[in-house]
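Here is the file entry09.pdb (PDB, C-alpha atoms and all ligand atoms).
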MODEL        1
ATOM      1  CA  MET A   1     302.462 -83.230 -14.689
ATOM      2  CA  THR A   2     304.133 -80.116 -13.245
ATOM      3  CA  ASP A   3     304.565 -80.266  -9.484
ATOM      4  CA  LEU A   4     303.695 -76.948  -7.819
ATOM      5  CA  THR A   5     305.614 -77.685  -4.624
ATOM      6  CA  ASP A   6     308.003 -74.800  -3.843
ATOM      7  CA  GLN A   7     307.100 -72.967  -7.067
ATOM      8  CA  VAL A   8     307.151 -69.207  -6.477
ATOM      9  CA  ALA A   9     303.846 -67.732  -7.629
ATOM     10  CA  ILE A  10     302.741 -64.080  -7.668
ATOM     11  CA  VAL A  11     298.957 -63.586  -7.544
ATOM     12  CA  THR A  12     297.697 -60.045  -8.238
ATOM     13  CA  GLY A  13     294.353 -59.006  -6.771
ATOM     14  CA  ALA A  14     294.752 -61.564  -3.995
ATOM     15  CA  SER A  15     292.989 -59.665  -1.207
ATOM     16  CA  ARG A  16     289.568 -61.130  -2.040
ATOM     17  CA  GLY A  17     287.462 -62.981  -4.616
ATOM     18  CA  ILE A  18     289.123 -65.105  -7.288
ATOM     19  CA  GLY A  19     292.688 -64.022  -6.479
ATOM     20  CA  ARG A  20     292.332 -64.991  -2.843
ATOM     21  CA  ALA A  21     290.989 -68.431  -3.819
ATOM     22  CA  ILE A  22     293.910 -68.925  -6.236
ATOM     23  CA  ALA A  23     296.425 -67.919  -3.549
ATOM     24  CA  LEU A  24     294.917 -70.350  -1.026
ATOM     25  CA  LEU A  25     294.752 -73.248  -3.488
ATOM     26  CA  LEU A  26     298.315 -72.772  -4.732
ATOM     27  CA  ALA A  27     299.575 -72.576  -1.141
ATOM     28  CA  LEU A  28     297.746 -75.839  -0.449
ATOM     29  CA  GLN A  29     299.697 -77.410  -3.335
ATOM     30  CA  GLY A  30     302.937 -76.330  -1.627
ATOM     31  CA  ALA A  31     303.630 -73.237  -3.743
ATOM     32  CA  LYS A  32     305.296 -70.165  -2.248
ATOM     33  CA  VAL A  33     302.631 -67.534  -2.826
ATOM     34  CA  VAL A  34     303.239 -63.796  -3.150
ATOM     35  CA  ALA A  35     299.883 -62.072  -2.625
ATOM     36  CA  VAL A  36     299.532 -58.624  -4.189
ATOM     37  CA  ALA A  37     296.762 -56.022  -3.701
ATOM     38  CA  ARG A  38     296.184 -52.593  -2.164
ATOM     39  CA  SER A  39     294.317 -53.729   0.994
ATOM     40  CA  ALA A  40     296.907 -54.378   3.684
ATOM     41  CA  ASP A  41     294.598 -55.936   6.308
ATOM     42  CA  GLU A  42     293.134 -58.507   3.916
ATOM     43  CA  LEU A  43     296.630 -59.393   2.681
ATOM     44  CA  ASP A  44     297.843 -59.891   6.267
ATOM     45  CA  GLU A  45     294.945 -62.217   7.007
ATOM     46  CA  LEU A  46     295.631 -64.201   3.814
ATOM     47  CA  THR A  47     299.376 -64.441   4.351
ATOM     48  CA  HIS A  48     298.736 -65.825   7.805
ATOM     49  CA  LYS A  49     297.006 -68.739   6.056
ATOM     50  CA  THR A  50     299.382 -69.188   3.079
ATOM     51  CA  GLN A  51     302.583 -68.634   5.077
ATOM     52  CA  GLY A  52     303.818 -66.748   2.019
ATOM     53  CA  LEU A  53     304.718 -63.155   1.268
ATOM     54  CA  SER A  54     302.396 -60.230   0.699
ATOM     55  CA  ILE A  55     303.178 -57.010  -1.117
ATOM     56  CA  GLU A  56     300.891 -54.004  -0.884
ATOM     57  CA  ALA A  57     300.831 -52.520  -4.384
ATOM     58  CA  ASP A  58     298.729 -50.771  -6.991
ATOM     59  CA  ILE A  59     299.500 -53.097  -9.868
ATOM     60  CA  ALA A  60     298.699 -50.383 -12.438
ATOM     61  CA  ASN A  61     301.482 -48.214 -11.007
ATOM     62  CA  ASP A  62     304.818 -48.630 -12.796
ATOM     63  CA  ASP A  63     307.064 -48.425  -9.705
ATOM     64  CA  ASP A  64     304.765 -50.678  -7.652
ATOM     65  CA  ALA A  65     304.660 -53.338 -10.383
ATOM     66  CA  ALA A  66     308.444 -53.292 -10.839
ATOM     67  CA  ASN A  67     308.845 -53.582  -7.063
ATOM     68  CA  VAL A  68     306.490 -56.587  -6.857
ATOM     69  CA  ILE A  69     308.702 -58.576  -9.223
ATOM     70  CA  ALA A  70     312.005 -57.351  -7.745
ATOM     71  CA  GLU A  71     310.885 -57.916  -4.124
ATOM     72  CA  THR A  72     309.678 -61.443  -4.933
ATOM     73  CA  ILE A  73     313.013 -62.369  -6.490
ATOM     74  CA  ARG A  74     314.913 -60.719  -3.648
ATOM     75  CA  HIS A  75     312.902 -62.739  -1.125
ATOM     76  CA  TYR A  76     312.724 -66.135  -2.836
ATOM     77  CA  ASP A  77     315.593 -65.843  -5.325
ATOM     78  CA  ARG A  78     313.208 -67.126  -8.010
ATOM     79  CA  LEU A  79     309.957 -66.564  -9.836
ATOM     80  CA  ASP A  80     308.064 -69.366 -11.578
ATOM     81  CA  ILE A  81     304.456 -68.238 -11.965
ATOM     82  CA  LEU A  82     302.691 -64.901 -12.490
ATOM     83  CA  ILE A  83     298.902 -64.819 -12.153
ATOM     84  CA  CYS A  84     297.467 -61.564 -13.560
ATOM     85  CA  ASN A  85     294.091 -61.525 -11.863
ATOM     86  CA  ALA A  86     293.529 -57.987 -10.487
ATOM     87  CA  GLY A  87     290.615 -56.373 -12.278
ATOM     88  CA  VAL A  88     287.651 -54.021 -11.896
ATOM     89  CA  GLY A  89     284.457 -53.372 -13.832
ATOM     90  CA  THR A  90     281.317 -51.273 -13.829
ATOM     91  CA  PHE A  91     278.398 -51.493 -16.227
ATOM     92  CA  ASN A  92     276.439 -48.655 -17.759
ATOM     93  CA  GLU A  93     275.221 -47.105 -20.977
ATOM     94  CA  LEU A  94     278.175 -45.777 -22.943
ATOM     95  CA  GLU A  95     277.201 -42.117 -22.672
ATOM     96  CA  ASP A  96     277.000 -42.373 -18.883
ATOM     97  CA  PHE A  97     280.614 -43.497 -18.507
ATOM     98  CA  THR A  98     283.080 -40.771 -17.560
ATOM     99  CA  ALA A  99     286.579 -40.617 -18.998
ATOM    100  CA  THR A 100     287.839 -41.077 -15.435
ATOM    101  CA  GLU A 101     285.986 -44.388 -15.120
ATOM    102  CA  TRP A 102     287.311 -45.496 -18.532
ATOM    103  CA  ASP A 103     290.845 -44.753 -17.268
ATOM    104  CA  ARG A 104     290.305 -46.634 -13.988
ATOM    105  CA  ILE A 105     289.013 -49.761 -15.733
ATOM    106  CA  PHE A 106     291.624 -49.758 -18.503
ATOM    107  CA  SER A 107     294.407 -48.900 -16.106
ATOM    108  CA  THR A 108     293.629 -51.806 -13.779
ATOM    109  CA  ASN A 109     292.703 -54.448 -16.345
ATOM    110  CA  VAL A 110     295.134 -53.675 -19.171
ATOM    111  CA  ARG A 111     298.038 -51.676 -17.699
ATOM    112  CA  GLY A 112     297.735 -53.809 -14.539
ATOM    113  CA  THR A 113     298.371 -56.889 -16.666
ATOM    114  CA  PHE A 114     300.978 -55.279 -18.946
ATOM    115  CA  LEU A 115     303.248 -54.001 -16.154
ATOM    116  CA  PRO A 116     303.789 -57.185 -14.118
ATOM    117  CA  CYS A 117     304.328 -59.125 -17.376
ATOM    118  CA  LYS A 118     306.820 -56.501 -18.578
ATOM    119  CA  TYR A 119     308.901 -56.892 -15.418
ATOM    120  CA  ALA A 120     308.541 -60.681 -15.058
ATOM    121  CA  VAL A 121     309.338 -61.681 -18.659
ATOM    122  CA  PRO A 122     313.074 -60.776 -18.520
ATOM    123  CA  TYR A 123     313.484 -63.099 -15.482
ATOM    124  CA  PHE A 124     311.511 -65.833 -17.184
ATOM    125  CA  LYS A 125     313.650 -65.439 -20.319
ATOM    126  CA  ALA A 126     316.860 -65.630 -18.287
ATOM    127  CA  GLN A 127     315.770 -68.924 -16.724
ATOM    128  CA  GLN A 128     314.130 -70.113 -19.991
ATOM    129  CA  LYS A 129     311.044 -71.043 -18.021
ATOM    130  CA  GLY A 130     307.970 -69.372 -16.552
ATOM    131  CA  HIS A 131     304.198 -69.466 -16.633
ATOM    132  CA  ILE A 132     301.899 -66.442 -16.951
ATOM    133  CA  VAL A 133     298.191 -66.977 -16.331
ATOM    134  CA  GLY A 134     295.751 -64.177 -17.138
ATOM    135  CA  ILE A 135     292.272 -64.076 -15.645
ATOM    136  CA  ALA A 136     290.346 -62.612 -18.559
ATOM    137  CA  SER A 137     286.574 -63.118 -18.952
ATOM    138  CA  ASP A 138     284.046 -64.777 -21.212
ATOM    139  CA  VAL A 139     283.305 -61.184 -22.251
ATOM    140  CA  SER A 140     286.792 -61.139 -23.812
ATOM    141  CA  LYS A 141     285.069 -63.139 -26.558
ATOM    142  CA  ARG A 142     281.559 -61.726 -26.754
ATOM    143  CA  ALA A 143     279.644 -58.454 -26.505
ATOM    144  CA  PHE A 144     276.836 -57.481 -24.160
ATOM    145  CA  GLU A 145     274.726 -54.450 -23.317
ATOM    146  CA  HIS A 146     276.352 -52.048 -20.804
ATOM    147  CA  GLY A 147     279.690 -53.798 -21.275
ATOM    148  CA  THR A 148     281.326 -51.278 -23.610
ATOM    149  CA  VAL A 149     284.153 -50.217 -21.325
ATOM    150  CA  TYR A 150     284.720 -53.396 -19.303
ATOM    151  CA  GLY A 151     284.369 -55.568 -22.425
ATOM    152  CA  ALA A 152     286.829 -53.415 -24.367
ATOM    153  CA  SER A 153     289.343 -53.679 -21.519
ATOM    154  CA  LYS A 154     288.975 -57.460 -21.361
ATOM    155  CA  TYR A 155     289.362 -57.796 -25.152
ATOM    156  CA  ALA A 156     292.527 -55.688 -24.879
ATOM    157  CA  GLN A 157     293.920 -57.760 -22.009
ATOM    158  CA  ASP A 158     293.178 -60.954 -23.936
ATOM    159  CA  ALA A 159     294.796 -59.688 -27.165
ATOM    160  CA  MET A 160     297.901 -58.603 -25.279
ATOM    161  CA  LEU A 161     298.342 -61.964 -23.552
ATOM    162  CA  ALA A 162     297.635 -63.955 -26.741
ATOM    163  CA  SER A 163     300.302 -61.930 -28.585
ATOM    164  CA  LEU A 164     302.699 -62.347 -25.674
ATOM    165  CA  ARG A 165     302.196 -66.117 -25.864
ATOM    166  CA  LYS A 166     303.608 -66.059 -29.394
ATOM    167  CA  GLU A 167     306.475 -63.777 -28.386
ATOM    168  CA  VAL A 168     307.773 -65.861 -25.494
ATOM    169  CA  ARG A 169     307.056 -69.510 -26.319
ATOM    170  CA  SER A 170     310.522 -69.989 -27.858
ATOM    171  CA  HIS A 171     311.976 -69.023 -24.455
ATOM    172  CA  GLY A 172     310.125 -71.836 -22.696
ATOM    173  CA  ILE A 173     307.554 -69.428 -21.256
ATOM    174  CA  LYS A 174     303.894 -70.444 -21.184
ATOM    175  CA  VAL A 175     300.951 -68.013 -21.333
ATOM    176  CA  SER A 176     297.530 -69.387 -20.410
ATOM    177  CA  ILE A 177     294.306 -67.393 -20.406
ATOM    178  CA  ILE A 178     291.264 -68.296 -18.286
ATOM    179  CA  TYR A 179     287.816 -67.067 -19.361
ATOM    180  CA  PRO A 180     285.297 -67.381 -16.498
ATOM    181  CA  GLY A 181     281.607 -66.643 -16.693
ATOM    182  CA  MET A 182     279.875 -65.074 -13.680
ATOM    183  CA  VAL A 183     281.731 -65.623 -10.402
ATOM    184  CA  ASP A 184     280.411 -64.988  -6.898
ATOM    185  CA  THR A 185     282.869 -62.330  -5.650
ATOM    186  CA  TYR A 186     282.955 -58.685  -4.592
ATOM    187  CA  PHE A 187     283.265 -57.642  -8.262
ATOM    188  CA  ASN A 188     281.371 -54.444  -9.198
ATOM    189  CA  ASP A 189     280.552 -53.818  -5.514
ATOM    190  CA  THR A 190     278.503 -56.992  -5.151
ATOM    191  CA  THR A 191     278.289 -59.106  -2.015
ATOM    192  CA  PRO A 192     279.161 -62.765  -2.444
ATOM    193  CA  GLY A 193     277.387 -65.619  -0.672
ATOM    194  CA  GLN A 194     273.791 -64.626  -1.526
ATOM    195  CA  PRO A 195     271.600 -67.764  -1.749
ATOM    196  CA  GLN A 196     270.309 -66.708  -5.202
ATOM    197  CA  ASN A 197     273.873 -66.811  -6.590
ATOM    198  CA  GLU A 198     274.351 -70.485  -5.783
ATOM    199  CA  LYS A 199     273.159 -71.751  -9.169
ATOM    200  CA  THR A 200     273.867 -68.675 -11.265
ATOM    201  CA  HIS A 201     277.510 -68.084 -10.363
ATOM    202  CA  LEU A 202     280.777 -70.005 -10.235
ATOM    203  CA  ARG A 203     282.569 -70.041  -6.891
ATOM    204  CA  PRO A 204     286.020 -68.401  -6.770
ATOM    205  CA  VAL A 205     287.487 -71.834  -6.009
ATOM    206  CA  ASP A 206     286.119 -73.135  -9.355
ATOM    207  CA  VAL A 207     288.309 -70.592 -11.156
ATOM    208  CA  ALA A 208     291.216 -71.411  -8.839
ATOM    209  CA  GLN A 209     290.878 -75.095  -9.813
ATOM    210  CA  ALA A 210     291.055 -74.089 -13.496
ATOM    211  CA  VAL A 211     294.256 -72.161 -12.755
ATOM    212  CA  ARG A 212     295.694 -75.172 -10.946
ATOM    213  CA  TYR A 213     294.817 -77.364 -13.935
ATOM    214  CA  VAL A 214     296.672 -75.181 -16.440
ATOM    215  CA  LEU A 215     299.673 -74.825 -14.112
ATOM    216  CA  GLU A 216     299.927 -78.567 -13.561
ATOM    217  CA  ALA A 217     300.061 -79.381 -17.280
ATOM    218  CA  PRO A 218     303.233 -81.306 -18.154
ATOM    219  CA  PRO A 219     306.251 -79.139 -19.038
ATOM    220  CA  HIS A 220     305.843 -79.791 -22.795
ATOM    221  CA  VAL A 221     302.141 -78.759 -22.791
ATOM    222  CA  VAL A 222     300.704 -75.241 -22.747
ATOM    223  CA  ILE A 223     296.958 -74.907 -22.198
ATOM    224  CA  ASP A 224     296.386 -71.738 -24.215
ATOM    225  CA  GLU A 225     292.795 -71.105 -23.212
ATOM    226  CA  LEU A 226     290.292 -72.407 -20.691
ATOM    227  CA  MET A 227     286.692 -71.193 -20.515
ATOM    228  CA  LEU A 228     284.268 -72.118 -17.716
ATOM    229  CA  HIS A 229     280.696 -71.151 -16.879
ATOM    230  CA  PRO A 230     278.012 -71.942 -14.338
ATOM    231  CA  LEU A 231     275.794 -74.591 -15.914
ATOM    232  CA  THR A 232     272.835 -72.207 -15.878
ATOM    233  CA  GLN A 233     274.587 -69.352 -17.688
ATOM    234  CA  GLU A 234     273.816 -69.126 -21.369
ATOM    235  CA  TRP A 235     276.868 -68.039 -23.304
TER
HETATM  236  O1  LIG A 301     286.711 -59.287  -8.132
HETATM  237  P1  LIG A 301     286.896 -58.752  -6.621
HETATM  238  P2  LIG A 301     286.991 -60.731  -8.790
HETATM  239  N1  LIG A 301     296.128 -53.062  -7.828
HETATM  240  O2  LIG A 301     286.393 -57.357  -6.676
HETATM  241  C1  LIG A 301     292.289 -56.238  -6.734
HETATM  242  C2  LIG A 301     287.700 -61.222 -13.542
HETATM  243  N2  LIG A 301     286.326 -61.716 -13.754
HETATM  244  O3  LIG A 301     287.712 -61.631  -7.890
HETATM  245  O4  LIG A 301     293.581 -53.680  -4.339
HETATM  246  C3  LIG A 301     296.129 -54.239  -7.189
HETATM  247  O5  LIG A 301     286.317 -59.695  -5.639
HETATM  248  C4  LIG A 301     291.458 -56.071  -5.477
HETATM  249  O6  LIG A 301     292.301 -55.772  -4.371
HETATM  250  P3  LIG A 301     292.443 -54.326  -3.646
HETATM  251  C5  LIG A 301     287.817 -59.733 -13.270
HETATM  252  O7  LIG A 301     287.802 -58.972 -14.468
HETATM  253  C6  LIG A 301     285.416 -61.665 -12.756
HETATM  254  O8  LIG A 301     285.710 -61.210  -9.377
HETATM  255  O9  LIG A 301     292.762 -54.717  -2.241
HETATM  256  N3  LIG A 301     295.037 -54.982  -6.977
HETATM  257  C7  LIG A 301     290.872 -57.465  -5.310
HETATM  258  O10 LIG A 301     291.775 -58.297  -4.638
HETATM  259  C8  LIG A 301     289.167 -59.671 -12.584
HETATM  260  O11 LIG A 301     290.197 -59.562 -13.525
HETATM  261  C9  LIG A 301     284.120 -62.140 -12.996
HETATM  262  O12 LIG A 301     291.145 -53.598  -3.809
HETATM  263  C10 LIG A 301     293.874 -54.495  -7.444
HETATM  264  C11 LIG A 301     290.720 -57.948  -6.740
HETATM  265  O13 LIG A 301     291.515 -57.078  -7.593
HETATM  266  C12 LIG A 301     289.266 -61.012 -11.860
HETATM  267  O14 LIG A 301     288.235 -61.828 -12.391
HETATM  268  C13 LIG A 301     283.778 -62.641 -14.237
HETATM  269  C14 LIG A 301     293.789 -53.280  -8.134
HETATM  270  C15 LIG A 301     289.282 -57.890  -7.221
HETATM  271  O15 LIG A 301     288.505 -58.735  -6.442
HETATM  272  C16 LIG A 301     289.124 -60.953 -10.362
HETATM  273  O16 LIG A 301     287.907 -60.274 -10.010
HETATM  274  C17 LIG A 301     284.729 -62.662 -15.230
HETATM  275  C18 LIG A 301     294.981 -52.549  -8.324
HETATM  276  N4  LIG A 301     294.995 -51.373  -8.941
HETATM  277  C19 LIG A 301     286.011 -62.197 -14.976
HETATM  278  N5  LIG A 301     292.490 -53.068  -8.468
HETATM  279  C20 LIG A 301     283.040 -62.128 -11.943
HETATM  280  N6  LIG A 301     283.368 -61.870 -10.677
HETATM  281  O17 LIG A 301     281.863 -62.374 -12.282
HETATM  282  C21 LIG A 301     291.795 -54.118  -8.013
HETATM  283  O18 LIG A 301     284.379 -63.127 -16.436
HETATM  284  N7  LIG A 301     292.620 -54.987  -7.393
ENDMDL
END
So that I can check it, write out the structure of this file as structure tokens.
Amino acid sequence: MTDLTDQVAIVTGASRGIGRAIALLLALQGAKVVAVARSADELDELTHKTQGLSIEADIANDDDAANVIAETIRHYDRLDILICNAGVGTFNELEDFTATEWDRIFSTNVRGTFLPCKYAVPYFKAQQKGHIVGIASDVSKRAFEHGTVYGASKYAQDAMLASLRKEVRSHGIKVSIIYPGMVDTYFNDTTPGQPQNEKTHLRPVDVAQAVRYVLEAPPHVVIDELMLHPLTQEW
């Protein structure tokens, strides 16, 4: 088993939802958590709990993403784990999507995964060790009505990370991809905690536990993929 104590872990999209739950759970395991998002107040509140570092950043911005990796290494002198979780989605008929909305979704979900990986991989290669975890989606592996743009972005994110896994494994770097079903978060401007979501949605902490599971795999094991759903969700 891999001990997470003192491991330095960046979590993107940590200001709320799944990312926040991952940050809290990893901190509970003794990891040094670097929480990344654009909302400063939420990050401050989280960092108070994790006793880690927070970096305000738009993860789809090249300079911001480079700074997240550089600042983490400057602060902790190490980087062990990168969780690419930040993501957005809206759902509509294809002809009602604007090109601007396409760009926002692809920029966050694909570019926002590409950039932190691009800047973290050289450090991971230098130390011949590192673990990247991508929060993809069950829709990375299926199609559904009104999911043209979000689904395409999640397929792209998944394909990129699966290719990266092959590129970096000989350097001792693991890439794991998590595919959750519906999760009770603020995603797509929803409000979590509604009683009707109790049976139909996973809790953010359920996804965080899946992340913990893949991170704690023994050093010689990589869990390539992990899919989880609420029991009631047909897949
Ligand atoms: O969503 P939400 P989730 N730069 O809205 C951040 C996937 N997923 O936790 O910047 C940096 O509660 C945003 O922070 P802020 C989904 O595709 C979900 O559900 O302050 N951060 C916030 O912390 C996504 O990849 C479901 O606005 C940026 C976080 O992202 C991941 O789960 C199902 C950013 C979003 O929190 C987390 O989404 C599924 C940027 N440019 C997959 N843009 C589900 N909820 O049902 C956004 O299969 N963020």
Which polymer residues have any atom within 6 Å of an atom of segment 114-120 of chain A, counting all atoms listed in the file, with same-chain residues fewer than 2 positions away left out, as an NGL selection string?
:A and (65-66 or 111-112 or 122-123)
Residues within 9 Å of Asp3 of chain A, only C-alpha atoms, excluding chain neighbours under 4 positions, as a ChimeraX atom specification
/A:7,29-30,215-216,218
What do you get, as a PyMOL selection string, if you spell out every residue that the PyMOL selection byres (((not hetatm)) within 7 of (chain A and resi 301)) selects here?
chain A and resi 12-20+36-39+57-60+85-89+108-109+112+135-139+179-189
Carefully work through the PyMOL selection byres (((chain A and resi 213) around 12) and not hetatm) for this structure and note down the residues it includes, as a ChimeraX atom specification.
/A:1-4,22,25-26,29,133,176-178,206-212,214-218,221-226
Any chance you can output those residues with C-alpha atoms as a CSV table (one decimal), keeping the file's coordinate frame?
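Writing done, so here's selection_19.csv:
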chain,number,residue,atom,x,y,z
A,1,MET,CA,302.5,-83.2,-14.7
A,2,THR,CA,304.1,-80.1,-13.2
A,3,ASP,CA,304.6,-80.3,-9.5
A,4,LEU,CA,303.7,-76.9,-7.8
A,22,ILE,CA,293.9,-68.9,-6.2
A,25,LEU,CA,294.8,-73.2,-3.5
A,26,LEU,CA,298.3,-72.8,-4.7
A,29,GLN,CA,299.7,-77.4,-3.3
A,133,VAL,CA,298.2,-67.0,-16.3
A,176,SER,CA,297.5,-69.4,-20.4
A,177,ILE,CA,294.3,-67.4,-20.4
A,178,ILE,CA,291.3,-68.3,-18.3
A,206,ASP,CA,286.1,-73.1,-9.4
A,207,VAL,CA,288.3,-70.6,-11.2
A,208,ALA,CA,291.2,-71.4,-8.8
A,209,GLN,CA,290.9,-75.1,-9.8
A,210,ALA,CA,291.1,-74.1,-13.5
A,211,VAL,CA,294.3,-72.2,-12.8
A,212,ARG,CA,295.7,-75.2,-10.9
A,214,VAL,CA,296.7,-75.2,-16.4
A,215,LEU,CA,299.7,-74.8,-14.1
A,216,GLU,CA,299.9,-78.6,-13.6
A,217,ALA,CA,300.1,-79.4,-17.3
A,218,PRO,CA,303.2,-81.3,-18.2
A,221,VAL,CA,302.1,-78.8,-22.8
A,222,VAL,CA,300.7,-75.2,-22.7
A,223,ILE,CA,297.0,-74.9,-22.2
A,224,ASP,CA,296.4,-71.7,-24.2
A,225,GLU,CA,292.8,-71.1,-23.2
A,226,LEU,CA,290.3,-72.4,-20.7
Env of Ser140 of chain A: 9 Å cut, atoms = all atoms listed in the file, seq-sep filter 3 positions within chain, self excluded. Answer as a CSV table (one decimal) with C-alpha atoms, in the coordinates of the input.
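The resulting file, part23.csv, is reproduced below:
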chain,number,residue,atom,x,y,z
A,136,ALA,CA,290.3,-62.6,-18.6
A,137,SER,CA,286.6,-63.1,-19.0
A,143,ALA,CA,279.6,-58.5,-26.5
A,151,GLY,CA,284.4,-55.6,-22.4
A,152,ALA,CA,286.8,-53.4,-24.4
A,153,SER,CA,289.3,-53.7,-21.5
A,154,LYS,CA,289.0,-57.5,-21.4
A,155,TYR,CA,289.4,-57.8,-25.2
A,156,ALA,CA,292.5,-55.7,-24.9
A,157,GLN,CA,293.9,-57.8,-22.0
A,158,ASP,CA,293.2,-61.0,-23.9
A,159,ALA,CA,294.8,-59.7,-27.2
A,179,TYR,CA,287.8,-67.1,-19.4
So how many Å separate atom CA of Pro219 of chain A and atom CA of Lys125 of chain A, to one decimal?
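One can read the atom CA of Pro219 of chain A to atom CA of Lys125 of chain A distance as 15.6 Å.
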Which one is closest to Leu24 of chain A: A:Gln51, A:Thr90, A:Thr72, A:Thr191? Count all atoms listed in the file.
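Nearest candidate to Leu24 of chain A out of A:Gln51, A:Thr90, A:Thr72, A:Thr191: A:Gln51.
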Could you work out how far atom CA of Ile132 of chain A lies from atom CA of Cys84 of chain A, giving the answer in Å with one decimal?
7.4 Å
Selection in question (the file shown): the PyMOL selection byres (((chain A and resi 10) around 6) and not hetatm). Which residues does it include, as number ranges by chain?
A: 9, 11, 33-34, 82-83
Go ahead and compute the interatomic distance for atom CA of Met227 of chain A and atom CA of Lys199 of chain A, in Å to one decimal.
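These two atoms are separated by 17.7 Å.
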Repaired coordinates for segment 210-215 of chain A (all heavy atoms) as a tab-separated table (two decimals), keeping the file's coordinate frame:
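Contents of rebuild.tsv, as written:
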chain	number	residue	atom	x	y	z
A	210	ALA	N	290.68	-74.19	-12.08
A	210	ALA	CA	291.06	-74.09	-13.50
A	210	ALA	C	292.50	-73.60	-13.62
A	210	ALA	O	293.27	-74.08	-14.46
A	210	ALA	CB	290.10	-73.13	-14.22
A	211	VAL	N	292.87	-72.67	-12.76
A	211	VAL	CA	294.26	-72.16	-12.76
A	211	VAL	C	295.21	-73.29	-12.38
A	211	VAL	O	296.25	-73.50	-13.03
A	211	VAL	CB	294.40	-70.97	-11.77
A	211	VAL	CG1	295.86	-70.59	-11.60
A	211	VAL	CG2	293.59	-69.78	-12.26
A	212	ARG	N	294.85	-74.04	-11.36
A	212	ARG	CA	295.69	-75.17	-10.95
A	212	ARG	C	295.87	-76.16	-12.11
A	212	ARG	O	296.97	-76.65	-12.36
A	212	ARG	CB	295.04	-75.86	-9.75
A	212	ARG	CG	295.82	-77.07	-9.28
A	212	ARG	CD	295.11	-77.83	-8.17
A	212	ARG	NE	295.78	-79.10	-7.94
A	212	ARG	CZ	295.33	-80.03	-7.13
A	212	ARG	NH1	294.21	-79.84	-6.45
A	212	ARG	NH2	295.99	-81.16	-6.98
A	213	TYR	N	294.78	-76.41	-12.81
A	213	TYR	CA	294.82	-77.36	-13.94
A	213	TYR	C	295.81	-76.92	-15.02
A	213	TYR	O	296.62	-77.71	-15.49
A	213	TYR	CB	293.40	-77.52	-14.51
A	213	TYR	CG	293.33	-78.40	-15.72
A	213	TYR	CD1	293.51	-79.78	-15.61
A	213	TYR	CD2	293.09	-77.86	-16.98
A	213	TYR	CE1	293.45	-80.59	-16.74
A	213	TYR	CE2	293.01	-78.66	-18.10
A	213	TYR	CZ	293.20	-80.03	-17.98
A	213	TYR	OH	293.15	-80.82	-19.09
A	214	VAL	N	295.75	-75.63	-15.38
A	214	VAL	CA	296.67	-75.18	-16.44
A	214	VAL	C	298.12	-75.17	-15.94
A	214	VAL	O	299.04	-75.45	-16.71
A	214	VAL	CB	296.29	-73.81	-17.07
A	214	VAL	CG1	294.89	-73.82	-17.63
A	214	VAL	CG2	296.47	-72.66	-16.12
A	215	LEU	N	298.31	-74.86	-14.65
A	215	LEU	CA	299.67	-74.82	-14.11
A	215	LEU	C	300.28	-76.21	-14.00
A	215	LEU	O	301.50	-76.39	-14.10
A	215	LEU	CB	299.69	-74.15	-12.73
A	215	LEU	CG	299.42	-72.66	-12.69
A	215	LEU	CD1	299.34	-72.17	-11.25
A	215	LEU	CD2	300.51	-71.89	-13.44
